[in-house]
>>> print(open('my_file_31.cif').read())   # mmCIF, C-alpha atoms and all ligand atoms
data_entry
#
loop_
_atom_site.label_atom_id
_atom_site.label_comp_id
_atom_site.auth_asym_id
_atom_site.auth_seq_id
_atom_site.Cartn_x
_atom_site.Cartn_y
_atom_site.Cartn_z
CA MET A 1 26.28 -12.28 -4.25
CA LEU A 2 25.53 -10.49 -7.54
CA VAL A 3 22.03 -9.04 -7.91
CA LEU A 4 20.48 -7.71 -11.13
CA VAL A 5 18.16 -4.81 -10.26
CA THR A 6 15.84 -3.79 -13.09
CA GLY A 7 14.49 -0.25 -12.70
CA GLY A 8 17.43 0.42 -10.39
CA THR A 9 17.59 4.17 -11.12
CA GLY A 10 13.94 4.58 -10.13
CA PHE A 11 12.53 5.65 -6.76
CA ILE A 12 12.32 2.30 -4.96
CA GLY A 13 14.98 0.62 -7.09
CA SER A 14 17.67 3.19 -6.27
CA HIS A 15 17.00 2.97 -2.54
CA THR A 16 17.18 -0.83 -2.74
CA CYS A 17 20.50 -0.63 -4.62
CA VAL A 18 21.90 1.52 -1.78
CA GLU A 19 20.85 -1.04 0.84
CA LEU A 20 22.21 -3.92 -1.27
CA LEU A 21 25.61 -2.26 -1.77
CA ASN A 22 25.81 -1.24 1.89
CA SER A 23 25.11 -4.88 2.83
CA GLY A 24 28.00 -6.19 0.70
CA TYR A 25 26.11 -7.28 -2.41
CA GLU A 26 27.37 -6.51 -5.92
CA VAL A 27 24.74 -4.80 -8.08
CA ILE A 28 24.01 -4.53 -11.79
CA ILE A 29 21.34 -2.00 -12.78
CA LEU A 30 19.26 -2.42 -15.91
CA ASP A 31 17.10 0.61 -16.66
CA ASN A 32 15.75 2.24 -19.86
CA LEU A 33 15.65 5.68 -18.14
CA VAL A 34 12.07 6.27 -19.34
CA ASN A 35 11.14 7.59 -15.89
CA SER A 36 14.51 8.21 -14.20
CA LYS A 37 17.92 9.76 -14.79
CA ARG A 38 21.35 8.26 -15.38
CA GLU A 39 22.82 10.55 -12.68
CA VAL A 40 21.08 8.41 -10.05
CA VAL A 41 23.88 5.85 -10.60
CA ASP A 42 26.37 8.54 -9.54
CA ARG A 43 24.26 9.37 -6.47
CA ILE A 44 24.15 5.68 -5.46
CA ALA A 45 27.96 5.55 -5.81
CA GLN A 46 28.28 8.79 -3.80
CA ILE A 47 26.17 7.40 -0.94
CA THR A 48 27.73 3.91 -0.78
CA GLY A 49 31.25 4.44 -2.13
CA LYS A 50 30.59 1.59 -4.61
CA ARG A 51 29.52 2.04 -8.24
CA PRO A 52 27.00 -0.48 -9.60
CA LEU A 53 27.40 -1.67 -13.19
CA PHE A 54 24.78 0.09 -15.33
CA TYR A 55 23.15 -1.07 -18.55
CA GLU A 56 20.82 1.38 -20.30
CA ALA A 57 18.45 -1.16 -21.78
CA ASP A 58 14.83 -2.24 -21.77
CA ALA A 59 13.87 -5.27 -19.71
CA THR A 60 11.64 -6.44 -22.61
CA ASP A 61 14.66 -6.56 -24.96
CA GLU A 62 15.47 -10.27 -25.11
CA THR A 63 18.88 -9.75 -26.74
CA ALA A 64 20.00 -7.14 -24.21
CA VAL A 65 18.79 -9.15 -21.22
CA ASP A 66 20.38 -12.40 -22.51
CA LEU A 67 23.70 -10.59 -22.96
CA ILE A 68 23.66 -9.47 -19.31
CA PHE A 69 22.83 -12.95 -18.02
CA SER A 70 25.42 -14.62 -20.28
CA THR A 71 28.12 -12.11 -19.26
CA HIS A 72 27.64 -11.96 -15.49
CA PRO A 73 27.21 -14.74 -12.85
CA ILE A 74 23.93 -13.37 -11.53
CA ASP A 75 22.71 -14.86 -8.23
CA GLY A 76 19.38 -13.04 -7.94
CA VAL A 77 17.02 -10.64 -9.68
CA ILE A 78 14.92 -7.85 -8.20
CA HIS A 79 12.47 -6.70 -10.85
CA PHE A 80 11.24 -3.12 -10.36
CA ALA A 81 11.19 -1.96 -14.00
CA GLY A 82 7.64 -1.31 -15.12
CA LEU A 83 5.07 1.32 -16.01
CA LYS A 84 3.24 2.28 -12.84
CA ALA A 85 0.84 5.20 -13.21
CA VAL A 86 -2.74 4.03 -12.61
CA GLY A 87 -4.37 6.86 -14.56
CA GLU A 88 -1.96 6.52 -17.49
CA SER A 89 -2.60 2.77 -17.62
CA VAL A 90 -6.28 3.44 -18.40
CA GLN A 91 -5.23 5.57 -21.39
CA MET A 92 -2.46 3.20 -22.61
CA PRO A 93 -3.48 -0.36 -21.71
CA LEU A 94 -1.51 -2.11 -24.46
CA ALA A 95 1.75 -0.38 -23.48
CA TYR A 96 1.19 -1.41 -19.85
CA TYR A 97 0.37 -5.05 -20.63
CA LYS A 98 3.23 -5.36 -23.12
CA ASN A 99 5.87 -3.69 -20.95
CA ASN A 100 4.97 -5.11 -17.54
CA LEU A 101 4.18 -8.65 -18.63
CA LEU A 102 6.86 -9.09 -21.32
CA SER A 103 9.66 -7.77 -19.10
CA THR A 104 8.69 -10.26 -16.39
CA ILE A 105 8.54 -13.15 -18.87
CA VAL A 106 11.90 -12.28 -20.47
CA LEU A 107 13.60 -12.03 -17.08
CA MET A 108 12.13 -15.28 -15.77
CA GLU A 109 13.07 -17.09 -19.04
CA ASN A 110 16.65 -15.98 -18.49
CA CYS A 111 16.60 -17.02 -14.84
CA VAL A 112 15.54 -20.52 -15.90
CA LYS A 113 18.06 -20.61 -18.77
CA TYR A 114 20.99 -19.49 -16.63
CA GLY A 115 20.03 -21.20 -13.37
CA VAL A 116 19.28 -18.03 -11.38
CA GLN A 117 17.05 -19.19 -8.55
CA ARG A 118 16.12 -16.04 -6.60
CA PHE A 119 13.52 -13.69 -8.06
CA VAL A 120 11.97 -10.78 -6.14
CA PHE A 121 9.02 -9.10 -7.85
CA SER A 122 7.75 -5.57 -7.25
CA SER A 123 4.00 -6.03 -6.86
CA SER A 124 1.40 -3.67 -5.45
CA ALA A 125 -1.46 -3.43 -2.96
CA THR A 126 -3.54 -2.43 -5.95
CA VAL A 127 -4.10 -6.15 -6.60
CA TYR A 128 -6.37 -6.30 -3.52
CA GLY A 129 -8.91 -3.96 -5.07
CA GLU A 130 -12.21 -3.75 -3.23
CA ASN A 131 -11.33 -6.25 -0.46
CA GLN A 132 -11.91 -5.29 3.18
CA VAL A 133 -8.98 -3.66 5.00
CA PRO A 134 -6.55 -4.61 6.47
CA PHE A 135 -5.43 -6.55 3.38
CA VAL A 136 -4.07 -10.06 3.98
CA GLU A 137 -1.91 -12.03 1.54
CA THR A 138 -4.39 -14.92 1.38
CA MET A 139 -7.25 -12.75 0.08
CA GLU A 140 -8.70 -13.36 -3.35
CA LEU A 141 -7.19 -10.82 -5.74
CA ARG A 142 -9.52 -8.24 -7.20
CA PRO A 143 -7.23 -5.84 -9.01
CA ARG A 144 -9.03 -2.53 -9.29
CA THR A 145 -10.41 -1.89 -12.75
CA ASN A 146 -7.23 -0.39 -14.06
CA PRO A 147 -4.72 -2.07 -16.36
CA TYR A 148 -1.81 -1.25 -14.04
CA GLY A 149 -3.27 -3.31 -11.20
CA GLU A 150 -4.24 -6.07 -13.64
CA THR A 151 -0.63 -6.29 -14.92
CA LYS A 152 0.63 -6.79 -11.39
CA ALA A 153 -1.88 -9.54 -10.68
CA MET A 154 -1.07 -11.20 -14.03
CA CYS A 155 2.68 -11.04 -13.37
CA GLU A 156 2.11 -12.71 -10.01
CA ARG A 157 0.23 -15.47 -11.85
CA ILE A 158 2.96 -15.85 -14.47
CA LEU A 159 5.68 -16.15 -11.81
CA THR A 160 3.60 -18.58 -9.74
CA ASP A 161 3.05 -20.85 -12.75
CA ALA A 162 6.75 -20.71 -13.67
CA ALA A 163 7.72 -21.64 -10.11
CA SER A 164 5.31 -24.58 -10.14
CA ILE A 165 7.36 -26.38 -12.82
CA HIS A 166 10.74 -25.11 -11.66
CA PRO A 167 10.80 -26.14 -7.99
CA GLU A 168 14.33 -24.80 -7.56
CA LEU A 169 13.02 -21.23 -7.98
CA SER A 170 12.59 -18.98 -4.94
CA VAL A 171 10.07 -16.30 -5.87
CA SER A 172 9.02 -13.39 -3.61
CA LEU A 173 5.98 -11.34 -4.55
CA LEU A 174 6.18 -8.09 -2.56
CA ARG A 175 2.98 -6.04 -2.42
CA TYR A 176 3.85 -2.42 -1.72
CA PHE A 177 1.45 0.01 -0.14
CA ASN A 178 2.32 3.69 -0.50
CA PRO A 179 6.08 4.28 -0.66
CA VAL A 180 7.15 7.81 0.34
CA GLY A 181 10.16 9.63 1.78
CA ALA A 182 13.81 9.53 0.69
CA HIS A 183 17.28 8.48 1.77
CA GLU A 184 18.55 10.61 4.69
CA SER A 185 21.33 12.01 2.46
CA GLY A 186 18.73 13.84 0.36
CA LEU A 187 20.61 12.63 -2.74
CA ILE A 188 17.98 10.16 -4.00
CA GLY A 189 14.19 10.28 -3.72
CA GLU A 190 10.92 10.43 -5.62
CA ALA A 191 11.39 12.69 -8.65
CA PRO A 192 8.35 12.21 -10.89
CA GLN A 193 8.53 13.86 -14.30
CA GLY A 194 5.83 16.47 -14.87
CA ILE A 195 2.91 17.11 -12.52
CA PRO A 196 3.01 14.44 -9.76
CA ASN A 197 0.18 11.91 -9.60
CA ASN A 198 0.98 10.81 -6.05
CA LEU A 199 0.23 12.73 -2.87
CA MET A 200 3.65 13.16 -1.25
CA PRO A 201 5.58 14.52 -4.26
CA TYR A 202 2.63 16.83 -4.90
CA ILE A 203 2.86 18.10 -1.30
CA THR A 204 6.63 18.68 -1.55
CA GLN A 205 6.19 20.65 -4.78
CA VAL A 206 3.51 22.80 -3.11
CA ALA A 207 5.90 23.31 -0.17
CA LYS A 208 8.56 24.44 -2.61
CA GLY A 209 6.21 26.81 -4.41
CA ILE A 210 6.38 24.90 -7.69
CA LEU A 211 2.64 24.19 -7.43
CA PRO A 212 0.19 26.70 -5.86
CA GLU A 213 -1.94 24.41 -3.71
CA LEU A 214 -2.86 20.79 -3.10
CA GLN A 215 -6.22 19.51 -4.28
CA VAL A 216 -7.63 17.02 -1.77
CA PHE A 217 -9.61 14.48 -3.78
CA GLY A 218 -12.77 14.16 -1.72
CA ASN A 219 -13.63 14.46 1.97
CA ASP A 220 -16.84 12.42 1.84
CA TYR A 221 -15.32 8.95 2.21
CA PRO A 222 -16.42 6.70 5.10
CA THR A 223 -13.19 7.46 7.01
CA PRO A 224 -12.58 9.35 10.29
CA ASP A 225 -12.03 12.73 8.60
CA GLY A 226 -13.65 11.89 5.26
CA THR A 227 -10.41 11.85 3.25
CA GLY A 228 -8.65 8.83 1.75
CA VAL A 229 -6.69 6.59 4.12
CA ARG A 230 -3.48 4.89 2.95
CA ASP A 231 -0.60 2.89 4.42
CA TYR A 232 2.41 5.14 3.80
CA ILE A 233 5.73 3.33 4.16
CA HIS A 234 9.21 4.90 4.19
CA VAL A 235 11.06 3.90 1.02
CA VAL A 236 14.12 2.83 3.06
CA ASP A 237 11.94 0.47 5.11
CA LEU A 238 10.64 -0.87 1.82
CA ALA A 239 14.20 -1.34 0.51
CA GLU A 240 15.14 -3.25 3.67
CA GLY A 241 12.13 -5.49 3.11
CA HIS A 242 13.59 -6.49 -0.27
CA LEU A 243 16.86 -7.56 1.31
CA ALA A 244 14.97 -9.57 3.92
CA ALA A 245 13.06 -11.37 1.16
CA LEU A 246 16.21 -11.97 -0.93
CA GLU A 247 18.01 -13.49 2.05
CA GLN A 248 15.27 -15.42 3.83
CA VAL A 249 13.03 -16.88 1.20
CA GLY A 250 13.44 -20.53 0.25
CA PRO A 251 12.13 -22.45 -2.79
CA GLY A 252 8.55 -21.81 -3.88
CA VAL A 253 6.42 -18.66 -4.08
CA HIS A 254 6.18 -16.37 -1.06
CA ILE A 255 3.85 -13.37 -0.91
CA TYR A 256 4.33 -10.47 1.52
CA ASN A 257 2.65 -7.16 2.24
CA LEU A 258 5.23 -4.44 2.73
CA GLY A 259 3.46 -1.72 4.65
CA THR A 260 3.31 -0.35 8.20
CA GLY A 261 -0.13 -1.75 9.05
CA ARG A 262 -1.26 1.79 9.93
CA GLY A 263 -3.62 3.99 7.92
CA THR A 264 -3.06 7.76 7.53
CA SER A 265 -5.59 10.11 5.94
CA VAL A 266 -4.77 12.85 3.45
CA LEU A 267 -5.46 15.56 6.03
CA GLU A 268 -3.36 13.72 8.63
CA LEU A 269 -0.44 13.54 6.19
CA ILE A 270 -0.75 17.25 5.40
CA SER A 271 -0.67 18.06 9.15
CA ALA A 272 2.29 15.76 9.75
CA PHE A 273 4.21 17.37 6.89
CA GLU A 274 3.43 20.88 8.20
CA GLU A 275 4.50 20.02 11.74
CA ALA A 276 7.59 18.01 10.75
CA ASN A 277 8.89 20.77 8.47
CA SER A 278 7.32 23.91 10.00
CA ILE A 279 5.78 24.80 6.67
CA ARG A 280 2.17 25.43 5.60
CA ILE A 281 0.55 23.46 2.79
CA PRO A 282 -2.40 25.32 1.24
CA TYR A 283 -5.08 22.91 0.04
CA ARG A 284 -8.58 22.86 -1.35
CA ILE A 285 -11.15 20.04 -1.07
CA VAL A 286 -12.36 18.99 -4.53
CA GLY A 287 -14.29 16.00 -5.90
CA ARG A 288 -13.17 12.37 -5.59
CA ARG A 289 -10.59 11.05 -8.08
CA PRO A 290 -12.09 8.23 -10.21
CA GLY A 291 -10.78 4.81 -9.20
CA ASP A 292 -9.77 5.79 -5.66
CA VAL A 293 -10.84 3.62 -2.74
CA ALA A 294 -11.61 4.96 0.73
CA GLU A 295 -9.05 2.90 2.62
CA CYS A 296 -5.99 0.82 1.79
CA TYR A 297 -3.69 -0.51 4.49
CA ALA A 298 -1.91 -3.77 5.24
CA ASP A 299 -1.94 -6.62 7.67
CA VAL A 300 1.85 -6.94 8.04
CA SER A 301 2.05 -9.91 10.40
CA LYS A 302 3.32 -12.38 7.75
CA ALA A 303 6.44 -10.40 6.79
CA HIS A 304 7.20 -9.96 10.47
CA ALA A 305 6.72 -13.63 11.31
CA GLU A 306 8.54 -15.08 8.27
CA LEU A 307 11.09 -12.42 7.34
CA GLY A 308 11.66 -10.85 10.73
CA TRP A 309 10.95 -7.53 8.99
CA THR A 310 8.82 -4.61 10.15
CA ALA A 311 8.77 -0.98 9.06
CA LYS A 312 10.67 1.16 11.57
CA ARG A 313 10.21 4.74 10.30
CA GLY A 314 7.16 6.89 11.13
CA VAL A 315 5.20 9.47 9.16
CA TYR A 316 7.19 12.44 10.54
CA GLU A 317 10.47 10.90 9.30
CA MET A 318 8.84 10.22 5.92
CA CYS A 319 7.79 13.87 5.68
CA ARG A 320 11.17 15.25 6.80
CA ASP A 321 13.12 13.04 4.40
CA ALA A 322 10.80 13.77 1.45
CA TRP A 323 11.14 17.51 2.05
CA ARG A 324 14.95 17.36 2.38
CA PHE A 325 15.16 15.62 -1.03
CA GLU A 326 12.81 18.14 -2.68
CA LYS A 327 14.87 21.05 -1.35
CA ASN A 328 18.03 19.40 -2.74
CA GLN A 329 16.51 19.25 -6.23
CA GLY A 330 17.72 22.81 -6.93
C1 LIG A 401 -2.96 8.75 -1.98
C2 LIG A 401 -4.17 9.48 -1.41
C3 LIG A 401 -5.71 10.25 -3.07
C4 LIG A 401 -2.96 13.16 -4.89
C5 LIG A 401 -1.10 4.78 -6.11
C6 LIG A 401 -1.20 3.50 -6.90
C7 LIG A 401 -0.48 2.41 -6.17
C8 LIG A 401 0.93 2.83 -5.89
C9 LIG A 401 0.94 4.12 -5.10
C10 LIG A 401 2.31 1.92 -7.64
C11 LIG A 401 -5.48 9.11 -2.07
C12 LIG A 401 -5.07 11.43 -2.34
C13 LIG A 401 -3.51 12.17 -4.09
C14 LIG A 401 -3.48 14.48 -4.81
C15 LIG A 401 -5.04 13.76 -3.14
N1 LIG A 401 1.65 2.97 -7.10
N2 LIG A 401 -4.53 12.48 -3.23
N3 LIG A 401 -4.50 14.73 -3.93
O1 LIG A 401 -3.66 6.26 -5.34
O2 LIG A 401 -3.17 5.38 -2.99
O3 LIG A 401 -1.78 4.62 -4.89
O4 LIG A 401 0.24 5.11 -5.88
O5 LIG A 401 2.50 0.83 -7.16
O6 LIG A 401 -0.49 1.25 -6.97
O7 LIG A 401 -2.58 3.13 -6.98
O8 LIG A 401 -1.55 6.95 -4.11
O9 LIG A 401 -0.49 9.11 -3.66
O10 LIG A 401 -2.00 8.91 -5.70
O11 LIG A 401 -3.01 8.92 -3.41
O12 LIG A 401 -5.97 14.03 -2.35
O13 LIG A 401 -3.02 15.42 -5.53
O14 LIG A 401 -4.00 10.89 -1.61
O15 LIG A 401 -7.10 10.48 -3.29
O16 LIG A 401 -6.51 9.13 -1.08
P1 LIG A 401 -2.67 5.82 -4.32
P2 LIG A 401 -1.71 8.53 -4.29
#
>>> encode(input="my_file_31.cif", output="structure tokens", more="lines below")
Ligand code: WQD
Amino acid sequence: MLVLVTGGTGFIGSHTCVELLNSGYEVIILDNLVNSKREVVDRIAQITGKRPLFYEADATDETAVDLIFSTHPIDGVIHFAGLKAVGESVQMPLAYYKNNLLSTIVLMENCVKYGVQRFVFSSSATVYGENQVPFVETMELRPRTNPYGETKAMCERILTDAASIHPELSVSLLRYFNPVGAHESGLIGEAPQGIPNNLMPYITQVAKGILPELQVFGNDYPTPDGTGVRDYIHVVDLAEGHLAALEQVGPGVHIYNLGTGRGTSVLELISAFEEANSIRIPYRIVGRRPGDVAECYADVSKAHAELGWTAKRGVYEMCRDAWRFEKNQG
């Protein structure tokens, strides 16, 4: 089975390509390298012993995407490519709407044109917004007031409407919680460019001495220790969830939370990282970050019941694997 992975040199995309190749799939990567490096293709080949085909192209480029579909007998698409920084999306809304929506439309148009029936979409827990935790797939969407979350909710709508008039389509909408960690080889992982927005890469850069200390954004939330609670999921568990969706999902639209179902606070993650890696993380409590919610974690019963998938890796393993990758960065 040949799978087109857009954003396949990115953090979650690269880990999914490894799992696909190790499971016997053939993989084509389409990536514009705006937030990743070409050498990730070499790392994927090094880990799996198989080299995916790579096209440096933009998923919004209709000509480039049509060429790939007309050249290769694609059986399925996993669409990761997209802009994904919440804060940046507030500053650049048009870029986010254009890139995230147009890429999804172009890919789905080609799936319909070339008879590709399986489409897995990288969505986000951000679409739940101010709902009550644990988040359930049937909840009304209230994407937090940031364009990034809105683009994910709109893409889900676009794909749902496309599937309603193309009953042969099998569409999976996978809502990620907080992906962290790295492949056990330490060869691929989360390598944000510039100062990290997300907690775990910020912690690993503090551990490495690149950054002086971690700022903890608020300890006055209504949570056990006052700091933000999130559902951190190992990126390899997340990758395995994509294979489960690709293989199990039949015609129609199927929505799944991909999380652990457990909440971990900022201070708990810091402690876990320190204990797992015997290293101290200096931090300072500062004010809340605008747009943050107190708690975000998943009800994961649907993915378990329908896909036979659950996350297997705990927070310690996430911390050990994230640190191993950071140390390997040279
Ligand atoms: C986690 C917790 C922060 C950094 C975002 C997107 C989401 C998804 C994952 C794309 C929060 C706290 C963080 C720091 C801190 N991305 N924190 N100091 O905001 O839950 O989710 O990334 O799909 O869509 O919204 O992740 O890692 O930024 O924050 O105290 O330097 O860590 O307040 O409680 P978040 P995060």
>>> closest_residue(input="my_file_31.cif", among="A:Glu156, A:Glu247, A:Glu140, A:Glu62", to="Tyr128 (chain A)", atoms="only C-alpha atoms")
A:Glu140
>>> residues_around(input="my_file_31.cif", residues="Leu20 (chain A)", least_positions_apart="4", cutoff="10 Å", atoms="all atoms listed in the file", output="PyMOL selection string")
chain A and resi 1-3+5+14-16+24-27+48+239-240+242-243
>>> residues_near_ligand(input="my_file_31.cif", ligand="ligand LIG 401 (chain A)", cutoff="8 Å", atoms="only C-alpha atoms and all ligand atoms", output="ChimeraX atom specification")
/A:84-86,123-126,148-149,176-179,196-200,202-203,214-218,227-230,265-266,288-289,292-296
>>> closest_residue(input="my_file_31.cif", among="A:Arg262, A:His304, A:His234, A:Lys208", to="Glu184 (chain A)", atoms="all atoms listed in the file")
A:His234
>>> residues_around(input="my_file_31.cif", residues="Arg118 (chain A)", least_positions_apart="2", cutoff="8 Å", atoms="only C-alpha atoms", output="count of residues only")
9
>>> closest_residue(input="my_file_31.cif", among="A:Glu88, A:Glu137, A:Glu190, A:Asp66", to="Thr9 (chain A)", atoms="only C-alpha atoms")
A:Glu190
>>> closest_residue(input="my_file_31.cif", among="A:Ile210, A:Leu101, A:Ile29, A:Val249", to="Gly308 (chain A)", atoms="all atoms listed in the file")
A:Val249
>>> atom_distance(input="my_file_31.cif", atom1="CA of Thr138 (chain A)", atom2="CA of Leu174 (chain A)")
13.2 Å
>>> residues_around(input="my_file_31.cif", residues="Leu107 (chain A)", least_positions_apart="6", cutoff="10 Å", atoms="all atoms listed in the file", output="JSON, numbers by chain")
{"A": [6, 59, 60, 61, 62, 65, 66, 69, 77, 78, 79, 113, 119]}
>>> atom_distance(input="my_file_31.cif", atom1="CA of Asn328 (chain A)", atom2="CA of Leu187 (chain A)")
7.2 Å
>>> closest_residue(input="my_file_31.cif", among="A:Leu258, A:Val90, A:Leu173, A:Val235", to="Val315 (chain A)", atoms="all atoms listed in the file")
A:Val235
>>> atom_distance(input="my_file_31.cif", atom1="CA of Asn32 (chain A)", atom2="CA of Cys17 (chain A)")
16.2 Å
>>> closest_residue(input="my_file_31.cif", among="A:His183, A:Arg324, A:Arg144, A:Lys312", to="Pro290 (chain A)", atoms="all atoms listed in the file")
A:Arg144
>>> residues_around(input="my_file_31.cif", residues="Asp58 (chain A)", least_positions_apart="5", cutoff="10 Å", atoms="all atoms listed in the file", output="ChimeraX atom specification")
/A:6-7,30-34,63-65,81-82,99,103
>>> write_last_selection(input="my_file_31.cif", atoms="C-alpha atoms", output="PDB file, in the coordinates of the input")
ATOM      1  CA  THR A   6      15.840  -3.790 -13.090  1.00  0.00           C
ATOM      2  CA  GLY A   7      14.490  -0.250 -12.700  1.00  0.00           C
ATOM      3  CA  LEU A  30      19.260  -2.420 -15.910  1.00  0.00           C
ATOM      4  CA  ASP A  31      17.100   0.610 -16.660  1.00  0.00           C
ATOM      5  CA  ASN A  32      15.750   2.240 -19.860  1.00  0.00           C
ATOM      6  CA  LEU A  33      15.650   5.680 -18.140  1.00  0.00           C
ATOM      7  CA  VAL A  34      12.070   6.270 -19.340  1.00  0.00           C
ATOM      8  CA  THR A  63      18.880  -9.750 -26.740  1.00  0.00           C
ATOM      9  CA  ALA A  64      20.000  -7.140 -24.210  1.00  0.00           C
ATOM     10  CA  VAL A  65      18.790  -9.150 -21.220  1.00  0.00           C
ATOM     11  CA  ALA A  81      11.190  -1.960 -14.000  1.00  0.00           C
ATOM     12  CA  GLY A  82       7.640  -1.310 -15.120  1.00  0.00           C
ATOM     13  CA  ASN A  99       5.870  -3.690 -20.950  1.00  0.00           C
ATOM     14  CA  SER A 103       9.660  -7.770 -19.100  1.00  0.00           C
TER      15      SER A 103
END
>>> decode(input="my_file_31.cif", residues="region 35-50 of chain A", atoms="C-alpha atoms", output="compact mmCIF listing (two decimals), in the first residue's frame")
# COMPACT_ATOMS: atom_id res chain seq x y z
CA ASN A 35 9.63 24.02 9.46
CA SER A 36 11.80 20.91 8.98
CA LYS A 37 14.99 19.71 7.32
CA ARG A 38 15.63 17.53 4.27
CA GLU A 39 18.08 15.40 6.31
CA VAL A 40 15.10 13.92 8.18
CA VAL A 41 14.52 11.77 5.06
CA ASP A 42 18.01 10.32 5.56
CA ARG A 43 17.27 9.68 9.26
CA ILE A 44 14.03 7.86 8.37
CA ALA A 45 15.99 5.71 5.90
CA GLN A 46 18.69 5.09 8.53
CA ILE A 47 16.11 3.91 11.10
CA THR A 48 14.01 1.73 8.76
CA GLY A 49 16.48 0.67 6.06
CA LYS A 50 13.97 1.97 3.46
